[in-house]
Structure formats: C-alpha cells, structure tokens
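See below for input_28.cif, which holds mmCIF, C-alpha atoms and all ligand atoms.
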data_model
loop_
_atom_site.label_atom_id
_atom_site.label_comp_id
_atom_site.auth_asym_id
_atom_site.auth_seq_id
_atom_site.Cartn_x
_atom_site.Cartn_y
_atom_site.Cartn_z
CA MET A 1 128.97 78.04 106.36
CA THR A 2 125.43 79.35 106.19
CA SER A 3 122.85 77.24 107.96
CA ARG A 4 119.86 75.97 106.05
CA PRO A 5 116.97 78.45 106.07
CA PRO A 6 114.02 77.38 108.21
CA LEU A 7 110.82 75.96 106.79
CA LEU A 8 108.32 78.83 106.97
CA LEU A 9 105.09 77.75 108.64
CA THR A 10 103.79 81.29 108.20
CA PRO A 11 100.94 82.74 106.15
CA GLY A 12 103.11 84.49 103.58
CA PRO A 13 105.84 85.04 102.79
CA LEU A 14 105.84 81.29 102.94
CA THR A 15 107.83 78.29 101.85
CA THR A 16 108.06 78.34 98.05
CA ALA A 17 108.99 75.58 95.62
CA PRO A 18 112.47 75.47 94.03
CA SER A 19 110.75 75.91 90.62
CA VAL A 20 109.28 79.26 91.75
CA ARG A 21 112.58 80.48 93.17
CA ALA A 22 114.36 79.45 89.96
CA ALA A 23 111.94 81.61 87.96
CA LEU A 24 113.43 84.67 89.71
CA ASP A 25 116.78 84.08 88.10
CA ARG A 26 116.57 86.28 85.02
CA ASP A 27 116.20 89.93 84.08
CA TRP A 28 113.26 91.27 82.11
CA GLY A 29 112.81 94.56 80.32
CA SER A 30 109.50 95.87 81.57
CA ARG A 31 108.51 97.10 78.08
CA ASP A 32 109.71 93.96 76.27
CA ARG A 33 107.30 91.85 74.30
CA ASP A 34 108.26 88.78 76.36
CA PHE A 35 107.41 90.43 79.65
CA ILE A 36 104.17 91.88 78.27
CA ALA A 37 103.21 88.30 77.36
CA VAL A 38 104.00 87.07 80.89
CA THR A 39 101.81 89.82 82.39
CA ALA A 40 98.95 88.98 80.02
CA ARG A 41 99.19 85.26 80.81
CA VAL A 42 99.20 85.90 84.56
CA ARG A 43 96.14 88.17 84.27
CA THR A 44 94.23 85.55 82.29
CA LYS A 45 95.20 82.71 84.62
CA LEU A 46 94.21 84.65 87.74
CA CYS A 47 90.68 85.15 86.37
CA ALA A 48 90.49 81.52 85.26
CA LEU A 49 90.98 80.36 88.87
CA LEU A 50 87.36 81.33 89.48
CA PRO A 51 84.82 79.01 87.87
CA GLU A 52 82.58 81.90 86.81
CA HIS A 53 84.95 84.47 85.37
CA ASP A 54 82.96 86.01 82.53
CA GLY A 55 83.05 89.78 82.88
CA LEU A 56 85.99 89.70 85.29
CA THR A 57 89.34 91.39 84.83
CA ALA A 58 92.57 90.91 86.80
CA ILE A 59 94.46 94.04 87.83
CA PRO A 60 97.93 93.31 89.25
CA ILE A 61 99.51 95.97 91.46
CA GLN A 62 103.00 96.41 92.89
CA GLY A 63 103.39 95.84 96.62
CA SER A 64 102.22 93.58 99.41
CA GLY A 65 98.62 92.44 99.79
CA SER A 66 97.59 95.52 101.73
CA PHE A 67 98.39 97.68 98.70
CA ALA A 68 95.75 95.82 96.71
CA VAL A 69 93.18 96.10 99.52
CA GLU A 70 93.76 99.84 99.94
CA ALA A 71 93.60 100.32 96.15
CA MET A 72 90.35 98.31 95.98
CA LEU A 73 88.65 100.36 98.69
CA GLY A 74 89.78 103.70 97.27
CA THR A 75 88.90 102.78 93.69
CA PHE A 76 85.48 101.18 94.15
CA VAL A 77 84.03 103.13 97.08
CA PRO A 78 83.48 106.53 95.45
CA PRO A 79 84.18 109.87 97.13
CA GLY A 80 81.20 110.49 99.39
CA GLY A 81 80.44 106.76 99.40
CA HIS A 82 79.61 104.83 102.56
CA VAL A 83 81.10 101.38 103.18
CA LEU A 84 80.17 98.92 105.91
CA VAL A 85 83.12 96.79 106.99
CA LEU A 86 82.53 93.46 108.73
CA VAL A 87 85.15 93.20 111.46
CA ASN A 88 86.09 90.05 113.36
CA GLY A 89 89.84 90.49 113.39
CA ALA A 90 92.79 92.72 112.56
CA TYR A 91 92.40 92.61 108.78
CA GLY A 92 88.79 93.77 108.87
CA ARG A 93 89.84 96.57 111.17
CA ARG A 94 92.64 97.49 108.75
CA MET A 95 90.13 97.78 105.88
CA ALA A 96 88.02 100.19 107.94
CA GLU A 97 91.12 102.29 108.63
CA MET A 98 92.08 102.31 104.95
CA ALA A 99 88.64 103.44 103.82
CA ALA A 100 88.63 106.17 106.47
CA ARG A 101 92.10 107.35 105.37
CA ALA A 102 90.76 107.55 101.82
CA GLY A 103 88.14 109.95 103.18
CA ARG A 104 85.25 107.52 102.66
CA ARG A 105 82.42 107.23 105.14
CA VAL A 106 82.96 104.02 107.11
CA SER A 107 80.78 101.99 109.44
CA MET A 108 81.83 98.80 111.16
CA LEU A 109 79.83 95.77 112.12
CA GLU A 110 82.04 94.26 114.78
CA GLY A 111 81.80 90.78 116.20
CA PRO A 112 83.90 88.39 118.29
CA GLU A 113 87.14 87.12 116.76
CA THR A 114 86.04 83.51 117.15
CA GLU A 115 82.73 83.91 115.34
CA ALA A 116 81.72 84.45 111.72
CA PRO A 117 80.05 87.81 110.95
CA ASP A 118 76.46 88.03 112.18
CA VAL A 119 74.37 87.93 109.00
CA ALA A 120 71.12 88.86 110.79
CA ALA A 121 72.82 91.97 112.17
CA LEU A 122 74.07 92.76 108.65
CA VAL A 123 70.51 92.57 107.32
CA ARG A 124 69.32 94.96 110.05
CA ARG A 125 72.15 97.43 109.46
CA LEU A 126 71.64 97.57 105.69
CA ALA A 127 67.88 97.92 106.10
CA GLN A 128 68.34 100.77 108.60
CA ASP A 129 70.89 102.73 106.60
CA PRO A 130 70.31 103.04 102.84
CA THR A 131 73.36 105.32 102.49
CA ILE A 132 75.57 102.20 102.75
CA ARG A 133 76.37 101.21 99.16
CA HIS A 134 79.31 98.83 99.74
CA VAL A 135 80.01 95.95 102.10
CA ALA A 136 83.60 94.86 102.73
CA VAL A 137 84.45 91.47 104.21
CA VAL A 138 87.52 89.30 104.90
CA HIS A 139 87.16 85.76 103.55
CA CYS A 140 89.73 84.07 105.79
CA GLU A 141 90.61 86.22 108.82
CA THR A 142 94.30 85.46 109.12
CA THR A 143 94.21 86.91 112.65
CA THR A 144 92.59 83.69 113.85
CA GLY A 145 92.25 81.40 110.81
CA LEU A 146 88.46 81.77 110.79
CA LEU A 147 86.59 81.29 107.52
CA THR A 148 83.62 83.54 106.75
CA PRO A 149 80.80 81.90 104.77
CA LEU A 150 80.77 84.34 101.85
CA ALA A 151 77.54 83.22 100.17
CA ASP A 152 75.33 84.53 103.00
CA VAL A 153 77.09 87.89 103.10
CA SER A 154 76.92 88.16 99.30
CA ASP A 155 73.17 87.38 99.22
CA VAL A 156 72.39 90.05 101.79
CA ALA A 157 74.58 92.66 100.10
CA ALA A 158 72.99 91.92 96.70
CA ARG A 159 69.46 92.11 98.12
CA HIS A 160 70.24 95.61 99.41
CA GLY A 161 71.89 96.69 96.17
CA CYS A 162 75.34 96.97 97.76
CA GLY A 163 78.62 96.19 96.00
CA LEU A 164 80.67 93.52 97.74
CA LEU A 165 84.42 93.99 98.27
CA ILE A 166 86.33 90.92 99.48
CA ASP A 167 89.73 90.61 101.10
CA ALA A 168 90.48 87.09 99.85
CA MET A 169 94.16 87.52 100.55
CA SER A 170 94.80 84.30 102.42
CA SER A 171 92.15 82.16 100.69
CA PHE A 172 92.31 82.81 96.94
CA GLY A 173 93.77 79.91 94.97
CA ALA A 174 92.85 77.23 97.50
CA LEU A 175 89.50 77.87 99.15
CA PRO A 176 86.57 77.99 96.75
CA ILE A 177 84.67 81.24 96.18
CA PRO A 178 81.18 79.90 95.40
CA ALA A 179 79.81 80.92 92.00
CA SER A 180 76.82 82.48 93.76
CA VAL A 181 79.09 85.08 95.40
CA ARG A 182 78.59 88.29 93.41
CA PHE A 183 81.50 90.55 94.23
CA GLU A 184 82.43 93.86 92.67
CA ALA A 185 86.10 93.30 93.50
CA LEU A 186 88.30 90.83 95.34
CA ALA A 187 91.88 91.39 96.50
CA SER A 188 94.64 88.85 96.97
CA SER A 189 98.39 88.49 96.61
CA ALA A 190 101.05 86.34 94.97
CA ASN A 191 102.62 85.10 98.17
CA LYS A 192 99.80 83.25 99.93
CA CYS A 193 97.86 80.27 98.53
CA LEU A 194 99.29 80.86 95.06
CA GLN A 195 102.74 80.16 96.57
CA GLY A 196 104.57 82.92 94.70
CA VAL A 197 107.03 85.38 96.20
CA PRO A 198 106.12 88.67 97.93
CA GLY A 199 106.04 92.00 96.06
CA LEU A 200 102.98 91.59 93.88
CA ALA A 201 99.26 91.74 94.66
CA PHE A 202 96.15 91.90 92.50
CA VAL A 203 92.46 92.68 92.39
CA LEU A 204 89.89 90.73 90.39
CA ALA A 205 87.01 93.00 89.50
CA ARG A 206 83.92 93.22 87.34
CA THR A 207 85.09 94.97 84.20
CA GLU A 208 81.95 97.13 84.16
CA ALA A 209 82.69 98.27 87.75
CA VAL A 210 86.28 99.17 86.83
CA ALA A 211 85.11 101.10 83.79
CA ARG A 212 82.71 103.07 86.02
CA ALA A 213 85.39 103.79 88.67
CA GLY A 214 87.61 106.07 86.57
CA GLY A 215 88.78 109.13 88.49
CA GLN A 216 87.43 107.95 91.85
CA ALA A 217 90.59 106.75 93.56
CA HIS A 218 92.08 108.83 96.37
CA ALA A 219 95.67 108.09 95.35
CA LEU A 220 97.41 108.15 91.98
CA VAL A 221 99.41 104.95 92.40
CA LEU A 222 96.52 103.07 94.03
CA ASP A 223 94.11 103.90 91.21
CA LEU A 224 93.04 100.50 89.88
CA ALA A 225 90.94 102.01 87.11
CA ALA A 226 94.04 103.77 85.76
CA GLN A 227 96.18 100.66 86.30
CA TRP A 228 93.61 98.63 84.34
CA ALA A 229 93.40 101.24 81.56
CA GLY A 230 97.19 100.97 81.21
CA PHE A 231 97.14 97.18 80.86
CA GLU A 232 94.27 97.35 78.40
CA ALA A 233 95.96 100.05 76.30
CA ASN A 234 99.38 98.47 75.75
CA GLY A 235 99.75 95.50 78.10
CA GLN A 236 102.29 97.41 80.19
CA TRP A 237 102.45 98.39 83.82
CA ARG A 238 102.01 102.07 84.68
CA PHE A 239 105.06 102.10 86.96
CA THR A 240 108.10 99.83 87.35
CA PRO A 241 106.74 96.30 87.66
CA PRO A 242 108.22 93.74 90.07
CA THR A 243 109.39 91.81 87.01
CA GLN A 244 110.90 88.80 88.79
CA CYS A 245 107.85 88.49 91.07
CA VAL A 246 105.56 88.44 88.04
CA ALA A 247 107.69 85.72 86.41
CA ALA A 248 107.67 83.74 89.67
CA LEU A 249 103.88 84.05 89.88
CA ASP A 250 103.60 82.86 86.29
CA ARG A 251 105.60 79.77 87.28
CA ALA A 252 103.62 79.34 90.53
CA LEU A 253 100.34 79.40 88.55
CA ALA A 254 101.70 76.70 86.20
CA ASP A 255 102.66 74.64 89.27
CA LEU A 256 99.16 75.12 90.69
CA ASP A 257 97.73 73.72 87.44
CA ALA A 258 100.14 70.79 87.59
CA GLU A 259 99.11 70.06 91.18
CA GLY A 260 95.48 69.74 90.03
CA GLY A 261 94.26 73.30 90.55
CA PRO A 262 92.67 74.84 93.66
CA PRO A 263 90.78 71.64 94.71
CA ALA A 264 94.02 69.65 94.89
CA ARG A 265 95.77 72.45 96.72
CA LEU A 266 92.92 72.69 99.19
CA ALA A 267 93.11 68.93 99.81
CA ARG A 268 96.83 69.21 100.59
CA TYR A 269 96.24 72.14 102.93
CA GLN A 270 93.47 70.18 104.67
CA ALA A 271 95.87 67.26 105.15
CA ASN A 272 98.45 69.75 106.49
CA LEU A 273 95.87 71.10 108.93
CA ALA A 274 95.01 67.60 110.16
CA ALA A 275 98.68 66.68 110.64
CA LEU A 276 99.34 69.97 112.43
CA THR A 277 96.40 69.80 114.82
CA ASP A 278 97.01 66.09 115.58
CA GLY A 279 100.67 66.79 116.26
CA LEU A 280 100.00 69.65 118.65
CA ALA A 281 97.03 67.94 120.32
CA ALA A 282 99.51 65.27 121.43
CA HIS A 283 101.17 68.00 123.53
CA GLY A 284 97.92 69.46 124.83
CA PHE A 285 97.52 72.36 122.35
CA HIS A 286 94.19 72.90 120.57
CA PRO A 287 92.98 75.52 118.03
CA LEU A 288 91.18 78.63 119.24
CA VAL A 289 88.63 78.49 116.43
CA ALA A 290 85.88 75.83 116.32
CA PRO A 291 86.55 73.11 113.71
CA ALA A 292 83.51 74.13 111.60
CA LEU A 293 84.95 77.64 111.12
CA GLN A 294 88.65 76.74 110.96
CA ALA A 295 90.16 77.32 107.52
CA PRO A 296 93.13 75.13 106.47
CA ILE A 297 95.26 78.27 106.11
CA ILE A 298 96.57 79.23 109.52
CA VAL A 299 95.78 77.98 113.01
CA THR A 300 95.77 80.05 116.18
CA PHE A 301 96.71 78.18 119.34
CA PRO A 302 96.01 79.88 122.67
CA ALA A 303 99.11 80.10 124.85
CA PRO A 304 99.09 77.73 127.82
CA ASP A 305 98.48 79.12 131.27
CA ALA A 306 101.87 77.90 132.48
CA VAL A 307 104.91 79.49 134.15
CA TRP A 308 107.22 78.34 131.37
CA TRP A 309 105.26 80.08 128.59
CA ASP A 310 107.41 82.51 126.64
CA PHE A 311 106.69 83.01 122.92
CA ALA A 312 110.18 84.24 122.14
CA ALA A 313 111.74 81.13 123.73
CA LEU A 314 109.30 78.85 121.87
CA TYR A 315 110.05 80.66 118.62
CA ASP A 316 113.82 80.38 119.10
CA GLY A 317 113.61 76.73 120.07
CA LEU A 318 111.55 75.89 116.99
CA LEU A 319 113.89 77.91 114.79
CA GLU A 320 116.79 75.77 116.01
CA GLU A 321 114.73 72.76 114.98
CA GLY A 322 114.31 74.33 111.50
CA PHE A 323 110.81 75.82 111.70
CA ALA A 324 109.60 79.44 111.72
CA ILE A 325 106.17 80.04 113.25
CA TYR A 326 104.12 83.22 113.61
CA PRO A 327 103.22 85.29 116.67
CA GLY A 328 99.59 85.61 117.71
CA LYS A 329 97.49 88.59 116.66
CA THR A 330 94.32 87.97 118.64
CA ALA A 331 93.03 90.84 120.75
CA ALA A 332 91.91 88.81 123.74
CA ALA A 333 94.25 86.08 124.91
CA GLU A 334 97.91 85.46 124.16
CA SER A 335 98.42 83.00 121.32
CA PHE A 336 100.71 81.83 118.55
CA ARG A 337 99.97 80.84 114.96
CA VAL A 338 101.14 78.14 112.59
CA GLY A 339 100.45 78.35 108.86
CA CYS A 340 99.30 75.34 106.77
CA ILE A 341 99.97 76.94 103.38
CA GLY A 342 103.00 76.99 101.08
CA ALA A 343 105.12 74.31 99.50
CA VAL A 344 104.79 72.10 102.57
CA ALA A 345 103.13 68.72 103.04
CA PRO A 346 101.83 66.54 105.90
CA PRO A 347 105.23 64.89 106.64
CA ASP A 348 106.60 68.39 107.37
CA PHE A 349 103.89 68.84 109.99
CA VAL A 350 104.59 65.41 111.51
CA ARG A 351 108.23 66.49 111.95
CA PHE A 352 107.01 69.83 113.28
CA GLY A 353 104.81 68.13 115.89
CA ALA A 354 107.77 66.10 117.15
CA ALA A 355 110.03 69.18 117.25
CA PHE A 356 107.33 71.14 119.07
CA GLY A 357 107.14 68.38 121.70
CA ARG A 358 110.91 68.51 122.27
CA VAL A 359 110.98 72.30 122.60
CA VAL A 360 108.01 72.41 124.98
CA ALA A 361 109.58 69.66 127.13
CA GLN A 362 112.85 71.65 127.32
CA LEU A 363 111.11 74.90 128.21
CA SER A 364 108.86 73.38 130.87
CA GLN A 365 111.78 71.50 132.47
CA ALA A 366 113.94 74.63 132.53
CA ALA A 367 111.20 76.77 134.10
CA PRO A 368 111.40 77.50 137.82
CA ARG A 369 108.99 75.43 139.85
CA ALA A 370 106.09 77.39 141.29
C1 LIG B 1 98.25 88.79 104.42
C2 LIG B 1 96.95 89.45 104.51
C3 LIG B 1 96.77 90.79 104.09
C4 LIG B 1 97.87 91.63 103.51
O1 LIG B 1 98.97 91.71 104.32
P1 LIG B 1 100.34 92.24 103.71
O2 LIG B 1 101.25 92.16 104.88
O3 LIG B 1 100.14 93.58 103.23
O4 LIG B 1 100.71 91.29 102.61
C5 LIG B 1 95.50 91.31 104.12
N1 LIG B 1 94.46 90.60 104.56
C6 LIG B 1 94.58 89.33 104.97
C7 LIG B 1 93.38 88.58 105.44
C8 LIG B 1 95.83 88.71 104.97
O5 LIG B 1 95.97 87.44 105.37
#
What do you get writing this file as structure tokens?
Ligand SMILES: *Cc1c(COP(=O)(O)O)cnc(C)c1O
Amino acid sequence: MTSRPPLLLTPGPLTTAPSVRAALDRDWGSRDRDFIAVTARVRTKLCALLPEHDGLTAIPIQGSGSFAVEAMLGTFVPPGGHVLVLVNGAYGRRMAEMAARAGRRVSMLEGPETEAPDVAALVRRLAQDPTIRHVAVVHCETTTGLLTPLADVSDVAARHGCGLLIDAMSSFGALPIPASVRFEALASSANKCLQGVPGLAFVLARTEAVARAGGQAHALVLDLAAQWAGFEANGQWRFTPPTQCVAALDRALADLDAEGGPPARLARYQANLAALTDGLAAHGFHPLVAPALQAPIIVTFPAPDAVWWDFAALYDGLLEEGFAIYPGKTAAAESFRVGCIGAVAPPDFVRFGAAFGRVVAQLSQAAPRA
C-alpha cells in the first residue's frame, strides 16, 4: 500500500488541484492543430492576467522558472550592456550570476534580507553611472517572503531611461503588478501562484522590446526573441514542448478564472497566511519579515534558540503528520519556511498548526535536558 502523498506547503512545486493533475492525462502531438490552439490560448490568458496588457506578448519556455529568468536577462540585456541587480536574497543574487555568465556587465545594489531595496540608493547609483541601462528586481523574494514595492523601483528606472526586468516568479497570478509599473520583461512559471505543474516557465515582454532584441541572446535555446518569432510564425514551439505541462497550465488558468481571478486567489492566500501565522504563534514561532513587507506567498520562521532544534527532525515529524515544509535559505540565521500558495486553504493551515504543536512537543520532550 502506498501512503498518501503529503500536502506540499512549499513554494512550488506545490499542491495542485485534481482538475490540473487530470489535465496531464493525455498525449498531444506538438505540431497538431489542437495543441497549437492550447499554446495560443495560454499565451493570451497569461497576458490578460495583467490589467494593462496592450503591447505585451507572452513567451513560454521549457524548463523551471530559472530558465525563464536566465533567458530574460540574456535576451534583453544586450551584449556590452550593463545591468544593475537589486539584491536582498538568493534569487536576486542568482540573477546577478546569470547576467555575469551571459557576459553582461553586472552591478549589484545589495541590502539586508529583511528590508525592501533602498530606493534612494537606487536613485544615487543610476545618477552616478549612466552606463547602467537595465535594472533587475525580484518582486517577492522567496528566500524570505519579502515583497518589494515595485512602483517605486519602476518610477526610478523609468526616470533614468532604464529598462526594468522583473523576477515575478512567486508573485505573478496572485499579487497585483500595479499598472504604473513599466517593465520591459517579467518572468514567472507555471508552478507557483498559477498552480500548474513544474516544467514550464514564461516571460511577458513588451512586443517592441522583443522585436528589438533579435540576435542578442547569449544562448540558442534561451533566445526569447527567437522563441517568440517561432510562436508568431506558426504557433509552434521551437523545440519539444512540455505538452502535458502546457495542457495543465491551460486548465490551471481556467481554474484561476473560476476562482475569481488574481484578487480572489490573493484573498485566499492572505487567509492562508493569517491561519499559518496564528497557528505557529500559538507555539511561539513568529515570521522573520515585518508584517508590512510580508507577502502571502511563503513565510520564513527563524529557528528557535533551543537544544531540541533540528530541522531534519522537524521535517520528518511533519511529514509523518502529512505535511512537507521547506528548509530556510536566509544567509544570516537558521530558519525554515512554510508556503501559503497552492491548492490549499485556511483549514489546511489550522490542521498544520496543530500538527506542528504536536511535533515540537515531541522533539522538545525527547531532547536531553541542559
Ligand atoms: C521559484 C523561484 C525562481 C525559480 O526557481 P526554479 O527552481 O528554477 O523554478 C526564481 N525566482 C524566484 C523569486 C522564485 O521564487
């Protein structure tokens, strides 16, 4: 007998709905008219998730979210171009590494993991160095769960004539991107707030910027301008598409509509966040990030300063209770993370809080006394 798989309280792959998993259960010819129609529908629906989508195009790409981010940086920052990356966590740092690997000139504006990027420092840096033509920023830093106010960053970038590149991986589909945010491109993936399955990512970009970016990319398969030209020419993918993942995303986008769109999804995630933080507060655990900056996506909890603390034991105990959590990724202190996203609802987090209490009680009772 196989045991029931755990509920994933992780930031993607995450818990998906039975409807999305059922959509995986058929084969598609990648060149078939039916599959071409699915791809076209998904591209249109992805753009339509933003209120202001005139002049935008959606470019799906095979792979995990990082593939889309690396493709975005290599396609839109031209050879010889200089990009400033705002870094307050691991994903910002990864973008800087990707741009450097692509041979682009990279500067970083680094700040503490528990604070939003320093907009005044951004103004100074862009004023000092006119060679910087792009700014790259992470919307929700999944390292901590911190939300960056995008409008301020966008205003400053626009005032200095810089293109804005956004890693909206863990926010797109739930958290609003204000209409005032003028990005050149934005990367996300199927398996986060859209609640699809992993294997498919995408970039939303200004069509005029894509048309200008031909021939710039550092890698053949990560060339979004060529990927876009392929879709525009015959509706087909350049290389083998993750057909089932595309079909599952198509279904997940229909489910998102049925739920009431991104505002309804955000409301559910906010209720998840409240149930999660209440449940863990009852056992003395509180989020690392200040409430004003905490996104309802993933929460980092600092590890307790206690002899019984052992992430692996906590993880195993929770797994026995039917929940998978996520290890910490913060640079400073030891921590663990719990995701609020996916096909999960507040009652799941109430059960999680109770299970967490039982596991912590077991671990602390079993620990040797100091
Ligand atoms: C998930 C995520 C990524 C991409 O990670 P993959 O493991 O490649 O899917 C990039 N940036 C952020 C902020 C993320 O949350």
Using only C-alpha atoms, the residue out of A:Ile166, A:Leu150, A:Ala185, A:Ala217 with shortest distance to Gly81 in chain A is A:Ala217
Where does chain A meet ligand LIG 1 (chain B) within 8 Å, residue by residue, with the nearest atom pair and distance in Å to one decimal for each, counting all atoms listed in the file, listed by chain and rising number, as a Markdown table?
| residue | atom | partner | partner_atom | distance |
| --- | --- | --- | --- | --- |
| A:Pro11 | CA | B:LIG1 | C1 | 6.8 |
| A:Gly12 | CA | B:LIG1 | C1 | 6.5 |
| A:Gly63 | CA | B:LIG1 | O3 | 7.7 |
| A:Ser64 | CA | B:LIG1 | O4 | 4.2 |
| A:Gly65 | CA | B:LIG1 | O4 | 3.7 |
| A:Ser66 | CA | B:LIG1 | O3 | 3.5 |
| A:Phe67 | CA | B:LIG1 | O3 | 6.4 |
| A:Val69 | CA | B:LIG1 | C5 | 7.0 |
| A:Tyr91 | CA | B:LIG1 | N1 | 5.1 |
| A:Gly92 | CA | B:LIG1 | C7 | 7.7 |
| A:Val138 | CA | B:LIG1 | C7 | 5.9 |
| A:His139 | CA | B:LIG1 | C7 | 7.1 |
| A:Cys140 | CA | B:LIG1 | C7 | 5.8 |
| A:Glu141 | CA | B:LIG1 | C7 | 5.0 |
| A:Thr142 | CA | B:LIG1 | O5 | 4.6 |
| A:Thr143 | CA | B:LIG1 | C7 | 7.4 |
| A:Asp167 | CA | B:LIG1 | N1 | 5.9 |
| A:Ala168 | CA | B:LIG1 | C7 | 6.5 |
| A:Met169 | CA | B:LIG1 | C6 | 4.8 |
| A:Ser170 | CA | B:LIG1 | O5 | 4.5 |
| A:Ser188 | CA | B:LIG1 | C5 | 7.6 |
| A:Ser189 | CA | B:LIG1 | O4 | 7.0 |
| A:Asn191 | CA | B:LIG1 | O4 | 7.9 |
| A:Lys192 | CA | B:LIG1 | C1 | 7.3 |
| A:Pro198 | CA | B:LIG1 | O4 | 7.6 |
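Checking A:Ala306, A:Ser154, A:Glu113, A:Phe356 one by one against Glu320 in chain A, counting only C-alpha atoms, you find the shortest gap at A:Phe356.
The coordinates place CA of Val135 in chain A at 18.4 Å from CA of Leu224 in chain A.
When all atoms listed in the file are used to measure the gap to Pro262 in chain A, the shortest distance among A:Pro60, A:Gly163, A:Gly173, A:Pro117 belongs to A:Gly173.
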Please provide the set of residues having any atom within 12 Å of Leu273 in chain A, restricted to all atoms listed in the file, with same-chain residues fewer than 2 positions apart removed, written as a PDB file with C-alpha atoms, in the frame of the given file.
ATOM      1  CA  LEU A   9     105.090  77.750 108.640  1.00  0.00           C
ATOM      2  CA  GLY A 145      92.250  81.400 110.810  1.00  0.00           C
ATOM      3  CA  LEU A 266      92.920  72.690  99.190  1.00  0.00           C
ATOM      4  CA  ALA A 267      93.110  68.930  99.810  1.00  0.00           C
ATOM      5  CA  ARG A 268      96.830  69.210 100.590  1.00  0.00           C
ATOM      6  CA  TYR A 269      96.240  72.140 102.930  1.00  0.00           C
ATOM      7  CA  GLN A 270      93.470  70.180 104.670  1.00  0.00           C
ATOM      8  CA  ALA A 271      95.870  67.260 105.150  1.00  0.00           C
ATOM      9  CA  ALA A 275      98.680  66.680 110.640  1.00  0.00           C
ATOM     10  CA  LEU A 276      99.340  69.970 112.430  1.00  0.00           C
ATOM     11  CA  THR A 277      96.400  69.800 114.820  1.00  0.00           C
ATOM     12  CA  ASP A 278      97.010  66.090 115.580  1.00  0.00           C
ATOM     13  CA  GLY A 279     100.670  66.790 116.260  1.00  0.00           C
ATOM     14  CA  LEU A 280     100.000  69.650 118.650  1.00  0.00           C
ATOM     15  CA  ALA A 281      97.030  67.940 120.320  1.00  0.00           C
ATOM     16  CA  HIS A 286      94.190  72.900 120.570  1.00  0.00           C
ATOM     17  CA  PRO A 287      92.980  75.520 118.030  1.00  0.00           C
ATOM     18  CA  PRO A 291      86.550  73.110 113.710  1.00  0.00           C
ATOM     19  CA  GLN A 294      88.650  76.740 110.960  1.00  0.00           C
ATOM     20  CA  ALA A 295      90.160  77.320 107.520  1.00  0.00           C
ATOM     21  CA  PRO A 296      93.130  75.130 106.470  1.00  0.00           C
ATOM     22  CA  ILE A 297      95.260  78.270 106.110  1.00  0.00           C
ATOM     23  CA  ILE A 298      96.570  79.230 109.520  1.00  0.00           C
ATOM     24  CA  VAL A 299      95.780  77.980 113.010  1.00  0.00           C
ATOM     25  CA  THR A 300      95.770  80.050 116.180  1.00  0.00           C
ATOM     26  CA  VAL A 338     101.140  78.140 112.590  1.00  0.00           C
ATOM     27  CA  GLY A 339     100.450  78.350 108.860  1.00  0.00           C
ATOM     28  CA  CYS A 340      99.300  75.340 106.770  1.00  0.00           C
ATOM     29  CA  ILE A 341      99.970  76.940 103.380  1.00  0.00           C
ATOM     30  CA  VAL A 344     104.790  72.100 102.570  1.00  0.00           C
ATOM     31  CA  ALA A 345     103.130  68.720 103.040  1.00  0.00           C
ATOM     32  CA  PRO A 346     101.830  66.540 105.900  1.00  0.00           C
ATOM     33  CA  PRO A 347     105.230  64.890 106.640  1.00  0.00           C
ATOM     34  CA  ASP A 348     106.600  68.390 107.370  1.00  0.00           C
ATOM     35  CA  PHE A 349     103.890  68.840 109.990  1.00  0.00           C
ATOM     36  CA  VAL A 350     104.590  65.410 111.510  1.00  0.00           C
ATOM     37  CA  GLY A 353     104.810  68.130 115.890  1.00  0.00           C
TER      38      GLY A 353
END
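Going from CA of Ala213 in chain A over to CA of Ile59 in chain A, you cover 13.3 Å.
The space between CA of Ala264 in chain A and CA of Leu147 in chain A spans 18.7 Å.
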Considering all atoms listed in the file, return as a PyMOL selection string whatever protein or nucleic-acid residues lie within 7 Å of Arg105 in chain A, sequence-local ones (same chain, fewer than 6 positions apart) excluded. chain A and resi 80-83
Contact residues around range 129-134 of chain A with all atoms listed in the file at 10 Å, ignoring same-chain residues under 6 positions, as a VMD selection string: chain A and resid 73 76 to 78 80 to 85 105 to 107 157 to 158 160 to 165 184
As a list in words, please: the residues near Thr39 in chain A (cut-off 9 Å, only C-alpha atoms, same-chain neighbours under 3 positions excluded). Asp34, Phe35, Ile36, Val42, Arg43, Thr44, Pro60, Phe231, Gly235, Gln236, Trp237, Val246, Ala247 and Asp250 of chain A
Counting all atoms listed in the file, closest pick from A:Ala22, A:Ala354, A:Met72, A:Val156 relative to Leu249 in chain A is A:Ala22
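Ranking A:Leu253, A:Ala68, A:Met108, A:Val210 by their shortest atom-to-atom distance to Ala174 in chain A, with all atoms listed in the file included, puts A:Leu253 first.
Distances from A:Ala248, A:Val123, A:Val203, A:Ala187 to Pro18 in chain A were compared using all atoms listed in the file, and the smallest one belongs to A:Ala248.
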Sphere at (110.9, 79.6, 110.4), radius 12 Å, counting only C-alpha atoms: residues as a PyMOL selection string: chain A and resi 4-15+314-327+337-339+352
Polymer residues at most 9 Å from Ala102 in chain A, only C-alpha atoms, same-chain spacing of 6 or more positions, as a ChimeraX atom specification: /A:70,73-74,79,217-219
Can you patch up range 84-94 of chain A, filling it in to N, CA and C atoms, and show the result as a short mmCIF file (atom, residue, chain, number, x, y, z; two decimals), in the coordinates of the input?
data_model
loop_
_atom_site.label_atom_id
_atom_site.label_comp_id
_atom_site.auth_asym_id
_atom_site.auth_seq_id
_atom_site.Cartn_x
_atom_site.Cartn_y
_atom_site.Cartn_z
N LEU A 84 80.31 99.64 104.64
CA LEU A 84 80.17 98.92 105.91
C LEU A 84 81.20 97.79 105.91
N VAL A 85 82.08 97.80 106.90
CA VAL A 85 83.12 96.79 106.99
C VAL A 85 82.77 95.79 108.09
N LEU A 86 82.77 94.51 107.74
CA LEU A 86 82.53 93.46 108.73
C LEU A 86 83.87 93.17 109.42
N VAL A 87 83.88 93.30 110.72
CA VAL A 87 85.15 93.20 111.46
C VAL A 87 85.08 92.06 112.48
N ASN A 88 85.91 91.05 112.30
CA ASN A 88 86.09 90.05 113.36
C ASN A 88 87.57 89.70 113.50
N GLY A 89 88.40 90.69 113.24
CA GLY A 89 89.84 90.49 113.39
C GLY A 89 90.60 91.69 112.86
N ALA A 90 91.91 91.58 112.88
CA ALA A 90 92.79 92.72 112.56
C ALA A 90 92.66 93.17 111.11
N TYR A 91 92.42 92.21 110.19
CA TYR A 91 92.40 92.61 108.78
C TYR A 91 91.12 93.35 108.41
N GLY A 92 90.00 92.99 109.05
CA GLY A 92 88.79 93.77 108.87
C GLY A 92 88.97 95.18 109.40
N ARG A 93 89.60 95.25 110.57
CA ARG A 93 89.84 96.57 111.17
C ARG A 93 90.74 97.40 110.26
N ARG A 94 91.74 96.76 109.65
CA ARG A 94 92.64 97.49 108.75
C ARG A 94 91.88 98.04 107.54
#
